[in-house]
>>> print(open('structure-v1.cif').read())   # mmCIF, C-alpha atoms
data_run
#
loop_
_atom_site.group_PDB
_atom_site.id
_atom_site.type_symbol
_atom_site.label_atom_id
_atom_site.label_comp_id
_atom_site.auth_asym_id
_atom_site.auth_seq_id
_atom_site.Cartn_x
_atom_site.Cartn_y
_atom_site.Cartn_z
ATOM 1 C CA MET A 1 -139.179 165.064 -45.669
ATOM 2 C CA ASN A 2 -138.894 163.753 -49.218
ATOM 3 C CA MET A 3 -138.583 166.565 -51.760
ATOM 4 C CA ILE A 4 -137.783 164.478 -54.839
ATOM 5 C CA ASN A 5 -140.088 165.023 -57.843
ATOM 6 C CA LYS A 6 -142.011 167.684 -55.923
ATOM 7 C CA PRO A 7 -142.321 171.369 -56.793
ATOM 8 C CA VAL A 8 -139.986 173.866 -55.192
ATOM 9 C CA PRO A 9 -141.675 175.248 -52.052
ATOM 10 C CA GLU A 10 -143.154 178.711 -52.421
ATOM 11 C CA PHE A 11 -140.963 181.538 -51.155
ATOM 12 C CA LYS A 12 -140.062 185.154 -51.853
ATOM 13 C CA THR A 13 -136.928 186.797 -50.494
ATOM 14 C CA MET A 14 -134.047 189.117 -51.371
ATOM 15 C CA ALA A 15 -130.560 188.389 -52.682
ATOM 16 C CA PHE A 16 -127.362 190.246 -53.372
ATOM 17 C CA HIS A 17 -126.522 189.836 -57.071
ATOM 18 C CA ASN A 18 -124.565 191.881 -59.621
ATOM 19 C CA ASN A 19 -123.735 194.582 -57.052
ATOM 20 C CA GLY A 20 -127.366 195.157 -56.193
ATOM 21 C CA TYR A 21 -130.377 193.713 -54.436
ATOM 22 C CA VAL A 22 -132.838 191.546 -56.337
ATOM 23 C CA GLU A 23 -135.982 189.701 -55.381
ATOM 24 C CA VAL A 24 -135.843 185.912 -55.732
ATOM 25 C CA SER A 25 -138.848 183.579 -55.595
ATOM 26 C CA ASN A 26 -139.746 180.019 -56.481
ATOM 27 C CA GLU A 27 -140.932 181.363 -59.844
ATOM 28 C CA ASP A 28 -137.303 182.164 -60.738
ATOM 29 C CA PHE A 29 -136.571 178.433 -60.764
ATOM 30 C CA LYS A 30 -138.885 177.841 -63.722
ATOM 31 C CA GLY A 31 -137.670 177.850 -67.319
ATOM 32 C CA LYS A 32 -134.073 176.890 -66.520
ATOM 33 C CA TRP A 33 -132.109 174.431 -64.423
ATOM 34 C CA SER A 34 -131.323 175.642 -60.926
ATOM 35 C CA VAL A 35 -128.803 174.509 -58.336
ATOM 36 C CA VAL A 36 -129.752 175.585 -54.815
ATOM 37 C CA ILE A 37 -126.920 175.358 -52.288
ATOM 38 C CA PHE A 38 -127.803 175.941 -48.628
ATOM 39 C CA MET A 39 -125.096 176.904 -46.145
ATOM 40 C CA PRO A 40 -125.337 177.700 -42.436
ATOM 41 C CA ALA A 41 -124.263 181.340 -42.415
ATOM 42 C CA ALA A 42 -122.196 184.087 -43.967
ATOM 43 C CA PHE A 43 -118.866 185.072 -42.411
ATOM 44 C CA THR A 44 -117.994 181.537 -41.354
ATOM 45 C CA TYR A 45 -114.912 179.466 -42.092
ATOM 46 C CA ASN A 46 -116.142 176.573 -44.266
ATOM 47 C CA CYS A 47 -118.888 178.294 -46.268
ATOM 48 C CA PRO A 48 -116.561 180.595 -48.244
ATOM 49 C CA THR A 49 -114.681 177.544 -49.544
ATOM 50 C CA GLU A 50 -117.926 176.238 -51.018
ATOM 51 C CA VAL A 51 -118.892 179.609 -52.492
ATOM 52 C CA GLU A 52 -115.453 179.785 -54.109
ATOM 53 C CA ASP A 53 -115.761 176.229 -55.478
ATOM 54 C CA SER A 54 -119.141 177.152 -56.986
ATOM 55 C CA ALA A 55 -117.724 180.393 -58.388
ATOM 56 C CA ASP A 56 -114.741 178.600 -59.927
ATOM 57 C CA ASN A 57 -117.206 176.295 -61.721
ATOM 58 C CA TYR A 58 -119.855 178.888 -62.530
ATOM 59 C CA SER A 59 -119.061 178.970 -66.255
ATOM 60 C CA THR A 60 -119.702 175.211 -66.383
ATOM 61 C CA PHE A 61 -123.098 175.691 -64.738
ATOM 62 C CA LYS A 62 -123.955 178.548 -67.118
ATOM 63 C CA ASN A 63 -122.890 176.469 -70.146
ATOM 64 C CA MET A 64 -125.302 173.793 -68.912
ATOM 65 C CA GLY A 65 -128.141 176.329 -68.749
ATOM 66 C CA ALA A 66 -128.212 176.375 -64.942
ATOM 67 C CA GLU A 67 -128.267 179.156 -62.378
ATOM 68 C CA VAL A 68 -126.657 178.740 -58.971
ATOM 69 C CA TYR A 69 -128.259 180.102 -55.802
ATOM 70 C CA ILE A 70 -126.265 180.189 -52.566
ATOM 71 C CA VAL A 71 -128.656 180.454 -49.605
ATOM 72 C CA THR A 72 -127.981 181.190 -45.931
ATOM 73 C CA THR A 73 -130.294 182.269 -43.111
ATOM 74 C CA ASP A 74 -128.706 185.729 -43.122
ATOM 75 C CA THR A 75 -129.988 188.902 -44.801
ATOM 76 C CA HIS A 76 -129.138 190.102 -48.281
ATOM 77 C CA HIS A 77 -127.350 193.016 -46.575
ATOM 78 C CA ALA A 78 -125.015 190.558 -44.841
ATOM 79 C CA HIS A 79 -124.385 188.911 -48.200
ATOM 80 C CA LYS A 80 -123.397 192.251 -49.714
ATOM 81 C CA MET A 81 -120.794 192.742 -47.001
ATOM 82 C CA TRP A 82 -119.680 189.088 -47.241
ATOM 83 C CA HIS A 83 -119.164 189.526 -50.987
ATOM 84 C CA GLN A 84 -117.210 192.745 -50.454
ATOM 85 C CA THR A 85 -114.982 191.496 -47.633
ATOM 86 C CA SER A 86 -114.191 187.887 -48.528
ATOM 87 C CA GLU A 87 -111.869 187.234 -51.453
ATOM 88 C CA ALA A 88 -113.424 183.779 -51.930
ATOM 89 C CA VAL A 89 -117.045 184.988 -51.789
ATOM 90 C CA GLY A 90 -116.158 188.012 -53.907
ATOM 91 C CA LYS A 91 -115.749 185.649 -56.867
ATOM 92 C CA ALA A 92 -119.491 184.868 -56.821
ATOM 93 C CA GLU A 93 -121.405 186.063 -59.870
ATOM 94 C CA PHE A 94 -124.582 184.226 -58.864
ATOM 95 C CA PRO A 95 -127.266 185.306 -56.378
ATOM 96 C CA LEU A 96 -126.373 185.166 -52.683
ATOM 97 C CA VAL A 97 -129.828 184.628 -51.218
ATOM 98 C CA GLY A 98 -130.785 185.839 -47.768
ATOM 99 C CA ASP A 99 -133.355 183.656 -46.026
ATOM 100 C CA LYS A 100 -133.857 185.726 -42.874
ATOM 101 C CA GLY A 101 -137.431 184.435 -42.447
ATOM 102 C CA HIS A 102 -136.207 180.850 -42.870
ATOM 103 C CA ASP A 103 -138.966 180.119 -45.394
ATOM 104 C CA MET A 104 -136.588 178.496 -47.867
ATOM 105 C CA ALA A 105 -134.671 176.521 -45.239
ATOM 106 C CA LYS A 106 -137.905 175.202 -43.742
ATOM 107 C CA GLY A 107 -139.469 174.544 -47.148
ATOM 108 C CA PHE A 108 -136.469 172.560 -48.374
ATOM 109 C CA GLY A 109 -136.164 170.694 -45.062
ATOM 110 C CA VAL A 110 -132.733 171.993 -44.038
ATOM 111 C CA TYR A 111 -133.713 174.303 -41.170
ATOM 112 C CA ILE A 112 -132.149 173.395 -37.808
ATOM 113 C CA ASP A 113 -135.103 173.701 -35.427
ATOM 114 C CA ASP A 114 -133.674 172.002 -32.337
ATOM 115 C CA PRO A 115 -133.005 174.665 -29.661
ATOM 116 C CA GLU A 116 -130.438 172.323 -28.107
ATOM 117 C CA ASP A 117 -128.370 172.317 -31.325
ATOM 118 C CA GLU A 118 -125.562 174.893 -31.348
ATOM 119 C CA ASP A 119 -126.566 175.714 -34.966
ATOM 120 C CA TYR A 120 -130.219 176.321 -34.025
ATOM 121 C CA GLY A 121 -131.799 178.779 -36.471
ATOM 122 C CA LEU A 122 -129.268 178.085 -39.232
ATOM 123 C CA ALA A 123 -129.448 175.739 -42.222
ATOM 124 C CA LEU A 124 -127.809 172.391 -42.770
ATOM 125 C CA ARG A 125 -125.690 172.011 -45.885
ATOM 126 C CA GLY A 126 -128.180 171.071 -48.566
ATOM 127 C CA THR A 127 -127.850 170.850 -52.333
ATOM 128 C CA PHE A 128 -130.865 170.625 -54.636
ATOM 129 C CA ILE A 129 -131.075 170.384 -58.413
ATOM 130 C CA VAL A 130 -134.310 171.766 -59.834
ATOM 131 C CA ASN A 131 -135.452 171.121 -63.400
ATOM 132 C CA PRO A 132 -136.939 173.834 -65.671
ATOM 133 C CA ASP A 133 -140.457 172.868 -64.536
ATOM 134 C CA GLY A 134 -139.553 173.828 -60.962
ATOM 135 C CA ILE A 135 -139.418 170.184 -59.847
ATOM 136 C CA ILE A 136 -136.698 169.009 -57.452
ATOM 137 C CA LYS A 137 -134.664 166.180 -59.016
ATOM 138 C CA THR A 138 -131.852 165.715 -56.483
ATOM 139 C CA SER A 139 -131.534 166.383 -52.775
ATOM 140 C CA GLU A 140 -128.429 166.054 -50.637
ATOM 141 C CA ILE A 141 -128.460 167.150 -47.004
ATOM 142 C CA HIS A 142 -125.689 166.620 -44.513
ATOM 143 C CA SER A 143 -124.056 167.894 -41.351
ATOM 144 C CA ASN A 144 -122.441 171.322 -41.424
ATOM 145 C CA GLU A 145 -118.864 170.233 -40.742
ATOM 146 C CA LEU A 146 -118.766 168.491 -44.150
ATOM 147 C CA ALA A 147 -118.169 170.806 -47.087
ATOM 148 C CA ARG A 148 -119.172 169.675 -50.573
ATOM 149 C CA ASP A 149 -117.426 169.151 -53.904
ATOM 150 C CA VAL A 150 -119.121 170.979 -56.782
ATOM 151 C CA ASP A 151 -117.766 168.397 -59.257
ATOM 152 C CA GLU A 152 -120.267 165.894 -57.840
ATOM 153 C CA THR A 153 -123.090 168.435 -58.155
ATOM 154 C CA ILE A 154 -122.131 168.994 -61.796
ATOM 155 C CA ARG A 155 -122.124 165.221 -62.398
ATOM 156 C CA LYS A 156 -125.622 164.941 -60.911
ATOM 157 C CA LEU A 157 -126.841 167.915 -62.954
ATOM 158 C CA LYS A 158 -125.552 166.275 -66.138
ATOM 159 C CA ALA A 159 -127.318 163.036 -65.199
ATOM 160 C CA ALA A 160 -130.581 164.868 -64.459
ATOM 161 C CA GLN A 161 -130.370 166.716 -67.774
ATOM 162 C CA TYR A 162 -129.581 163.497 -69.644
ATOM 163 C CA THR A 163 -132.513 161.571 -68.180
ATOM 164 C CA ARG A 164 -134.863 164.490 -68.885
ATOM 165 C CA ALA A 165 -133.781 164.387 -72.539
ATOM 166 C CA HIS A 166 -133.890 160.546 -72.604
ATOM 167 C CA PRO A 167 -136.884 159.587 -70.418
ATOM 168 C CA ASN A 168 -136.586 155.843 -71.160
ATOM 169 C CA GLU A 169 -133.022 155.637 -69.833
ATOM 170 C CA VAL A 170 -131.411 155.682 -66.387
ATOM 171 C CA CYS A 171 -127.886 156.594 -65.329
ATOM 172 C CA PRO A 172 -126.114 153.765 -63.455
ATOM 173 C CA ALA A 173 -123.701 154.155 -60.534
ATOM 174 C CA LYS A 174 -120.743 156.464 -61.178
ATOM 175 C CA TRP A 175 -122.240 157.540 -64.523
ATOM 176 C CA LYS A 176 -120.381 160.355 -66.216
ATOM 177 C CA GLU A 177 -121.269 162.224 -69.387
ATOM 178 C CA GLY A 178 -120.664 159.956 -72.387
ATOM 179 C CA ASP A 179 -120.932 156.724 -70.362
ATOM 180 C CA LYS A 180 -123.411 154.016 -71.247
ATOM 181 C CA THR A 181 -126.872 154.265 -69.713
ATOM 182 C CA LEU A 182 -129.481 151.575 -69.095
ATOM 183 C CA GLU A 183 -132.936 151.114 -70.557
ATOM 184 C CA PRO A 184 -135.090 149.553 -67.828
ATOM 185 C CA SER A 185 -137.098 146.541 -68.985
ATOM 186 C CA PHE A 186 -138.570 143.303 -67.736
ATOM 187 C CA ASP A 187 -135.801 141.359 -69.499
ATOM 188 C CA LEU A 188 -133.039 143.467 -67.892
ATOM 189 C CA THR A 189 -134.286 142.707 -64.368
ATOM 190 C CA GLY A 190 -131.848 140.365 -62.641
ATOM 191 C CA LYS A 191 -129.324 140.450 -65.512
ATOM 192 C CA ILE A 192 -126.910 142.995 -64.067
#
>>> encode(input="structure-v1.cif", output="structure tokens")
Amino acid sequence: MNMINKPVPEFKTMAFHNNGYVEVSNEDFKGKWSVVIFMPAAFTYNCPTEVEDSADNYSTFKNMGAEVYIVTTDTHHAHKMWHQTSEAVGKAEFPLVGDKGHDMAKGFGVYIDDPEDEDYGLALRGTFIVNPDGIIKTSEIHSNELARDVDETIRKLKAAQYTRAHPNEVCPAKWKEGDKTLEPSFDLTGKI
């Protein structure tokens, strides 16, 4: 299912954030950049490493005007306990979103719906960057044994922000902030 340049699917759920419970919906993704990071489940072995990586880079995301949302198919109650019992997850200052109804996982195309799969009912690892209009600009989905590197997510967020501010330019392979971009044109075709 292609999600690129489509609106965030509608959803409404609860999250653990700032030592309390808050409601989170697709409307929260409007007006700012959002990074949505799906993980299989709380209280696992690989997921806390990704939460910690996101937490260690949270100030970078905030300085870029972006909010981070960690999502699993657990409840917000489980996320409260996960935050309180895991040193790595305890670093999280962003919402830990419970998707117990699987609406988000299904809407973003990361829900594991094969009853033969040992992770049936959980989410694949998926990362989505959403622009301030609530439109999905990047989508990365992969198998659960592969944890991610937030540095690459930050690079993609910078590229998405750059191209939004410069709509006649594109970011070439391995583009990093400050690198040269390209201006697509008829004359450029076949010249690279």
>>> resolve_selection(input="structure-v1.cif", expression="the PyMOL selection byres ((chain A and resi 10) around 10)", output="ChimeraX atom specification")
/A:7-9,11-12,25-27,103-104,107-108
>>> residues_near_point(input="structure-v1.cif", point="(-121.8, 184.8, -53.1)", cutoff="12 Å", atoms="only C-alpha atoms", output="ChimeraX atom specification")
/A:15-19,37-39,41-43,47-56,58,68-72,76-98
>>> residues_around(input="structure-v1.cif", residues="Ile141 of chain A", least_positions_apart="5", cutoff="10 Å", atoms="all atoms listed in the file", output="PyMOL selection string")
chain A and resi 37-38+108-110+123-128
>>> residues_around(input="structure-v1.cif", residues="Gly178 of chain A", least_positions_apart="2", cutoff="12 Å", atoms="all atoms listed in the file", output="number ranges by chain")
A: 155, 158-159, 162, 171, 174-176, 180-181
>>> atom_distance(input="structure-v1.cif", atom1="atom CA of Ile112 of chain A", atom2="atom CA of Lys32 of chain A")
29.0 Å
>>> residues_near_point(input="structure-v1.cif", point="(-134.3, 184.2, -41.3)", cutoff="8 Å", atoms="all atoms listed in the file", output="list of chain:residue names")
A:Thr73, A:Asp74, A:Thr75, A:Gly98, A:Asp99, A:Lys100, A:Gly101, A:His102, A:Asp103, A:Gly121
>>> build_atoms(input="structure-v1.cif", residues="segment 47-63 of chain A", atoms="N, CA, C and O atoms", output="mmCIF file, keeping the file's coordinate frame")
data_model
loop_
_atom_site.group_PDB
_atom_site.id
_atom_site.type_symbol
_atom_site.label_atom_id
_atom_site.label_comp_id
_atom_site.auth_asym_id
_atom_site.auth_seq_id
_atom_site.Cartn_x
_atom_site.Cartn_y
_atom_site.Cartn_z
ATOM 1 N N CYS A 47 -117.981 177.856 -45.200
ATOM 2 C CA CYS A 47 -118.888 178.294 -46.268
ATOM 3 C C CYS A 47 -118.173 179.022 -47.413
ATOM 4 O O CYS A 47 -118.476 178.761 -48.579
ATOM 5 N N PRO A 48 -117.234 179.919 -47.135
ATOM 6 C CA PRO A 48 -116.561 180.595 -48.244
ATOM 7 C C PRO A 48 -115.841 179.635 -49.192
ATOM 8 O O PRO A 48 -115.747 179.902 -50.390
ATOM 9 N N THR A 49 -115.360 178.504 -48.663
ATOM 10 C CA THR A 49 -114.681 177.544 -49.544
ATOM 11 C C THR A 49 -115.665 176.956 -50.544
ATOM 12 O O THR A 49 -115.308 176.692 -51.697
ATOM 13 N N GLU A 50 -116.905 176.771 -50.112
ATOM 14 C CA GLU A 50 -117.926 176.238 -51.018
ATOM 15 C C GLU A 50 -118.401 177.296 -52.013
ATOM 16 O O GLU A 50 -118.664 176.982 -53.175
ATOM 17 N N VAL A 51 -118.528 178.536 -51.561
ATOM 18 C CA VAL A 51 -118.892 179.609 -52.492
ATOM 19 C C VAL A 51 -117.817 179.725 -53.563
ATOM 20 O O VAL A 51 -118.113 179.826 -54.763
ATOM 21 N N GLU A 52 -116.559 179.675 -53.150
ATOM 22 C CA GLU A 52 -115.453 179.785 -54.109
ATOM 23 C C GLU A 52 -115.449 178.614 -55.084
ATOM 24 O O GLU A 52 -115.234 178.806 -56.287
ATOM 25 N N ASP A 53 -115.697 177.395 -54.602
ATOM 26 C CA ASP A 53 -115.761 176.229 -55.478
ATOM 27 C C ASP A 53 -116.879 176.410 -56.508
ATOM 28 O O ASP A 53 -116.701 176.137 -57.705
ATOM 29 N N SER A 54 -118.029 176.897 -56.069
ATOM 30 C CA SER A 54 -119.141 177.152 -56.986
ATOM 31 C C SER A 54 -118.779 178.244 -57.987
ATOM 32 O O SER A 54 -119.079 178.132 -59.182
ATOM 33 N N ALA A 55 -118.127 179.293 -57.509
ATOM 34 C CA ALA A 55 -117.724 180.393 -58.388
ATOM 35 C C ALA A 55 -116.702 179.933 -59.429
ATOM 36 O O ALA A 55 -116.772 180.321 -60.598
ATOM 37 N N ASP A 56 -115.757 179.102 -58.991
ATOM 38 C CA ASP A 56 -114.741 178.600 -59.927
ATOM 39 C C ASP A 56 -115.350 177.718 -61.009
ATOM 40 O O ASP A 56 -114.743 177.539 -62.074
ATOM 41 N N ASN A 57 -116.526 177.168 -60.758
ATOM 42 C CA ASN A 57 -117.206 176.295 -61.721
ATOM 43 C C ASN A 57 -118.447 176.938 -62.327
ATOM 44 O O ASN A 57 -119.219 176.263 -63.014
ATOM 45 N N TYR A 58 -118.632 178.223 -62.089
ATOM 46 C CA TYR A 58 -119.855 178.888 -62.530
ATOM 47 C C TYR A 58 -120.021 178.853 -64.051
ATOM 48 O O TYR A 58 -121.135 178.668 -64.548
ATOM 49 N N SER A 59 -118.935 179.001 -64.786
ATOM 50 C CA SER A 59 -119.061 178.970 -66.255
ATOM 51 C C SER A 59 -119.567 177.605 -66.721
ATOM 52 O O SER A 59 -120.331 177.525 -67.694
ATOM 53 N N THR A 60 -119.191 176.544 -66.037
ATOM 54 C CA THR A 60 -119.702 175.211 -66.383
ATOM 55 C C THR A 60 -121.206 175.154 -66.157
ATOM 56 O O THR A 60 -121.960 174.674 -67.014
ATOM 57 N N PHE A 61 -121.662 175.658 -65.009
ATOM 58 C CA PHE A 61 -123.098 175.691 -64.738
ATOM 59 C C PHE A 61 -123.831 176.516 -65.801
ATOM 60 O O PHE A 61 -124.863 176.089 -66.322
ATOM 61 N N LYS A 62 -123.310 177.686 -66.123
ATOM 62 C CA LYS A 62 -123.955 178.548 -67.118
ATOM 63 C C LYS A 62 -124.004 177.863 -68.484
ATOM 64 O O LYS A 62 -125.012 177.951 -69.183
ATOM 65 N N ASN A 63 -122.907 177.181 -68.868
ATOM 66 C CA ASN A 63 -122.890 176.469 -70.146
ATOM 67 C C ASN A 63 -123.902 175.328 -70.176
ATOM 68 O O ASN A 63 -124.312 174.892 -71.257
#
